[in-house]
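The structure file model-v1.cif is reproduced below (mmCIF, C-alpha atoms).
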data_data
loop_
_atom_site.label_atom_id
_atom_site.label_comp_id
_atom_site.auth_asym_id
_atom_site.auth_seq_id
_atom_site.Cartn_x
_atom_site.Cartn_y
_atom_site.Cartn_z
CA MET C 14 -96.91 155.11 120.73
CA LYS C 15 -100.23 155.38 122.54
CA SER C 16 -101.76 152.60 120.44
CA PHE C 17 -99.01 150.25 121.60
CA GLY C 18 -100.01 150.80 125.24
CA TRP C 19 -103.67 150.11 124.42
CA GLU C 20 -102.79 146.86 122.70
CA ILE C 21 -101.05 145.62 125.83
CA VAL C 22 -104.02 146.60 127.99
CA PHE C 23 -106.35 144.89 125.52
CA LEU C 24 -104.35 141.63 125.61
CA LEU C 25 -104.18 141.65 129.40
CA ALA C 26 -107.93 142.25 129.66
CA MET C 27 -108.77 139.26 127.48
CA PRO C 28 -109.96 136.22 129.45
CA PRO C 29 -107.54 133.30 129.51
CA ALA C 30 -108.14 130.34 127.25
CA PRO C 31 -110.41 127.62 128.73
CA ALA C 32 -107.45 125.22 128.93
CA ALA C 33 -105.90 127.46 131.57
CA PHE C 34 -108.83 126.65 133.87
CA ALA C 35 -108.66 122.90 133.27
CA GLN C 36 -107.32 121.13 136.31
CA LYS C 37 -104.89 118.30 135.85
CA ALA C 38 -106.17 115.07 137.35
CA SER C 39 -104.34 114.19 140.54
CA ASP C 40 -102.26 111.06 140.73
CA PRO C 41 -103.44 108.27 143.00
CA VAL C 42 -101.38 107.50 146.10
CA LEU C 43 -99.76 104.07 146.45
CA GLU C 44 -101.02 102.71 149.77
CA SER C 45 -99.62 99.18 149.73
CA ALA C 46 -97.51 96.82 147.69
CA GLN C 47 -95.97 93.43 148.24
CA MET C 48 -92.18 93.24 148.29
CA PRO C 49 -91.08 93.13 144.64
CA LYS C 50 -89.17 90.08 143.47
CA TYR C 51 -86.15 89.51 141.27
CA PRO C 52 -86.48 86.10 139.58
CA SER C 53 -83.70 83.70 140.53
CA ILE C 54 -83.34 82.54 136.91
CA ALA C 55 -82.78 86.16 135.81
CA ARG C 56 -80.28 86.67 138.63
CA THR C 57 -78.38 83.49 137.70
CA ALA C 58 -78.41 84.43 133.99
CA ARG C 59 -77.25 87.95 134.97
CA ILE C 60 -80.24 89.59 133.29
CA GLN C 61 -80.85 93.19 134.28
CA GLY C 62 -82.51 96.20 132.70
CA ASP C 63 -85.36 98.67 132.73
CA MET C 64 -88.95 97.57 132.30
CA GLU C 65 -91.49 100.12 131.11
CA ALA C 66 -95.13 99.35 131.88
CA GLU C 67 -98.58 100.93 131.81
CA PHE C 68 -101.45 100.08 134.12
CA THR C 69 -105.01 101.12 134.83
CA LEU C 70 -106.95 101.17 138.09
CA ASP C 71 -110.49 100.15 138.95
CA ASP C 72 -112.81 102.32 141.05
CA GLN C 73 -111.57 100.62 144.24
CA GLY C 74 -107.90 101.51 143.66
CA ASN C 75 -106.84 98.03 142.57
CA VAL C 76 -104.74 97.47 139.47
CA ALA C 77 -107.20 96.46 136.73
CA SER C 78 -104.76 95.85 133.86
CA VAL C 79 -101.03 95.85 133.22
CA GLN C 80 -99.14 96.03 129.96
CA VAL C 81 -95.35 95.82 129.83
CA THR C 82 -94.21 97.96 126.90
CA SER C 83 -90.44 97.35 126.89
CA GLY C 84 -87.61 95.55 128.61
CA PRO C 85 -85.95 92.12 128.82
CA PRO C 86 -88.52 89.35 128.18
CA LEU C 87 -87.31 87.31 131.17
CA LEU C 88 -88.40 90.14 133.49
CA LYS C 89 -91.85 90.73 131.93
CA LYS C 90 -93.97 88.39 134.07
CA VAL C 91 -92.36 89.37 137.38
CA THR C 92 -92.91 93.06 136.55
CA GLU C 93 -96.58 92.41 135.81
CA ASP C 94 -96.93 90.37 139.01
CA ASN C 95 -95.21 93.07 141.08
CA ILE C 96 -97.54 95.81 139.76
CA ARG C 97 -100.68 93.69 140.28
CA THR C 98 -100.02 93.67 144.05
CA TRP C 99 -100.37 97.46 144.28
CA LYS C 100 -103.32 99.12 146.03
CA PHE C 101 -103.98 102.84 145.60
CA LYS C 102 -105.92 105.58 147.35
CA LEU C 103 -107.77 107.32 144.55
CA PRO C 104 -107.71 111.11 144.13
CA THR C 105 -110.80 113.04 145.19
CA GLN C 106 -110.68 115.10 141.99
CA GLY C 107 -110.13 113.86 138.48
CA ALA C 108 -111.44 110.63 137.06
CA VAL C 109 -109.18 107.58 136.96
CA ASN C 110 -111.45 105.42 134.78
CA GLY C 111 -109.52 104.42 131.69
CA ARG C 112 -106.53 106.56 132.63
CA LYS C 113 -103.19 104.84 132.03
CA TYR C 114 -100.34 105.33 134.48
CA GLU C 115 -96.73 104.66 133.55
CA THR C 116 -94.06 103.08 135.69
CA ARG C 117 -90.47 101.95 135.31
CA PHE C 118 -88.91 99.03 137.15
CA SER C 119 -85.10 99.04 137.09
CA TYR C 120 -83.66 95.60 137.79
CA ARG C 121 -79.96 95.75 138.68
CA LEU C 122 -77.26 93.37 139.86
CA SER C 123 -75.08 94.74 142.65
CA GLY C 124 -71.81 93.35 141.28
CA LEU C 125 -71.48 91.03 144.29
CA TYR C 126 -71.98 87.31 143.88
CA VAL C 127 -73.05 84.72 146.42
CA SER C 128 -72.82 80.95 146.23
CA SER C 129 -75.97 79.00 145.55
CA SER C 130 -76.15 78.01 149.22
CA ASN C 131 -76.42 81.66 150.39
CA VAL C 132 -79.40 83.98 150.08
CA PRO C 133 -78.63 87.06 147.93
CA ARG C 134 -79.42 90.51 149.32
CA LEU C 135 -82.35 92.35 147.78
CA THR C 136 -82.70 96.13 147.97
CA VAL C 137 -85.91 97.79 146.80
CA THR C 138 -86.28 101.56 146.41
CA PHE C 139 -89.67 103.09 145.64
CA HIS C 140 -89.03 106.61 144.35
CA SER C 141 -92.78 106.69 143.66
CA PHE C 142 -95.10 104.32 141.86
CA ARG C 143 -93.60 105.78 138.70
CA ARG C 144 -90.07 104.49 139.43
CA VAL C 145 -88.98 101.40 141.35
CA GLU C 146 -85.40 100.10 141.63
CA ILE C 147 -84.68 96.48 142.54
CA THR C 148 -81.06 95.54 143.17
CA THR C 149 -79.80 92.08 144.09
CA ASP C 150 -76.60 90.09 144.33
CA GLY C 151 -75.73 87.73 141.51
CA GLN C 152 -75.67 83.97 141.89
CA LYS C 153 -72.40 82.09 141.36
CA ILE C 154 -72.59 79.04 139.19
CA LEU C 155 -70.17 76.43 140.36
CA ALA C 156 -68.62 74.14 137.80
CA TYR C 157 -67.22 70.80 138.83
CA SER C 158 -64.40 68.88 137.20
CA SER C 159 -64.56 65.16 136.64
CA ARG C 160 -62.13 64.83 139.57
CA GLY C 161 -64.73 66.35 141.91
CA GLY C 162 -63.16 69.78 142.48
CA ASP C 163 -64.67 73.06 141.52
CA TYR C 164 -63.00 75.63 139.30
#
Target format structure tokens, applied to this file:
Amino acid sequence: MKSFGWEIVFLLAMPPAPAAFAQKASDPVLESAQMPKYPSIARTARIQGDMEAEFTLDDQGNVASVQVTSGPPLLKKVTEDNIRTWKFKLPTQGAVNGRKYETRFSYRLSGLYVSSSNVPRLTVTFHSFRRVEITTDGQKILAYSSRGGDY
């Protein structure tokens, strides 16, 4: 039984693996962003969904590149444009050069619809730069009969 106790002491006395000392690079802090948009054509077509994207930063904290990796094609360009407006404060420790950051934009319709003459509400929630929710009202499409009335 004594050898068992020595084995435990031996294992505890061993230095930890080098990976235990490695410090995870800090995330940058989102300092500013323009108000995200929901394209009117997507709203009218009732397109919604999650967009997954990756981006890199330059040494000034500006978005250097964006790549949308999944989601409805009609929301791809607006997602890229939204991300390109971001400005970050870079971490003091940990290099950001070449590091890819992931984000998810969730585009949702509220279930309410407004006529084309009214401005739909837009609600934007930044949980962090890693998750952004954009919710808007849908747009009613009015159809007209040959007699001039709508139905």
Next item on the list: Name every residue that the PyMOL selection byres ((chain C and resi 76-88) around 8) selects in this structure, writing the answer as number ranges by chain with chains first and numbers rising.
Entry: C: 52, 55, 60-71, 74-75, 89-93, 96-100
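Counting all atoms listed in the file and comparing C:Gly111, C:Val137, C:Thr116, C:Val127, the residue that lies closest to Gln47 (chain C) is C:Val137.
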Select, counting only C-alpha atoms, all protein, DNA and RNA residues no farther than 12 Å from (-71.2, 93.7, 149.2) in file coordinates, and express the selection as a PDB file with C-alpha atoms, in the coordinates of the input.
ATOM      1  CA  LEU C 122     -77.260  93.370 139.860  1.00  0.00           C
ATOM      2  CA  SER C 123     -75.080  94.740 142.650  1.00  0.00           C
ATOM      3  CA  GLY C 124     -71.810  93.350 141.280  1.00  0.00           C
ATOM      4  CA  LEU C 125     -71.480  91.030 144.290  1.00  0.00           C
ATOM      5  CA  TYR C 126     -71.980  87.310 143.880  1.00  0.00           C
ATOM      6  CA  VAL C 127     -73.050  84.720 146.420  1.00  0.00           C
ATOM      7  CA  PRO C 133     -78.630  87.060 147.930  1.00  0.00           C
ATOM      8  CA  ARG C 134     -79.420  90.510 149.320  1.00  0.00           C
ATOM      9  CA  LEU C 135     -82.350  92.350 147.780  1.00  0.00           C
ATOM     10  CA  THR C 136     -82.700  96.130 147.970  1.00  0.00           C
ATOM     11  CA  THR C 148     -81.060  95.540 143.170  1.00  0.00           C
ATOM     12  CA  THR C 149     -79.800  92.080 144.090  1.00  0.00           C
ATOM     13  CA  ASP C 150     -76.600  90.090 144.330  1.00  0.00           C
ATOM     14  CA  GLY C 151     -75.730  87.730 141.510  1.00  0.00           C
TER      15      GLY C 151
END
Check: How far is it from CA of Arg143 (chain C) to CA of Ile54 (chain C), in Å with one decimal?
Finding: 25.5 Å
Item checked: For Ser129 (chain C), the nearest of the candidates C:Gln106, C:Thr57, C:Lys153, C:Pro41, counting all atoms listed in the file -> C:Lys153
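Rounded to one decimal, CA of Tyr120 (chain C) and CA of Arg59 (chain C) lie 10.4 Å from each other.
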Next item on the list: Would you work out the distance separating CA of Lys50 (chain C) from CA of Thr138 (chain C), expressed in Å to one decimal?
Entry: 12.2 Å
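Considering all atoms listed in the file, the residue among C:Thr105, C:Asn110, C:Asn95, C:Ser130 positioned nearest to Val145 (chain C) is C:Asn95.
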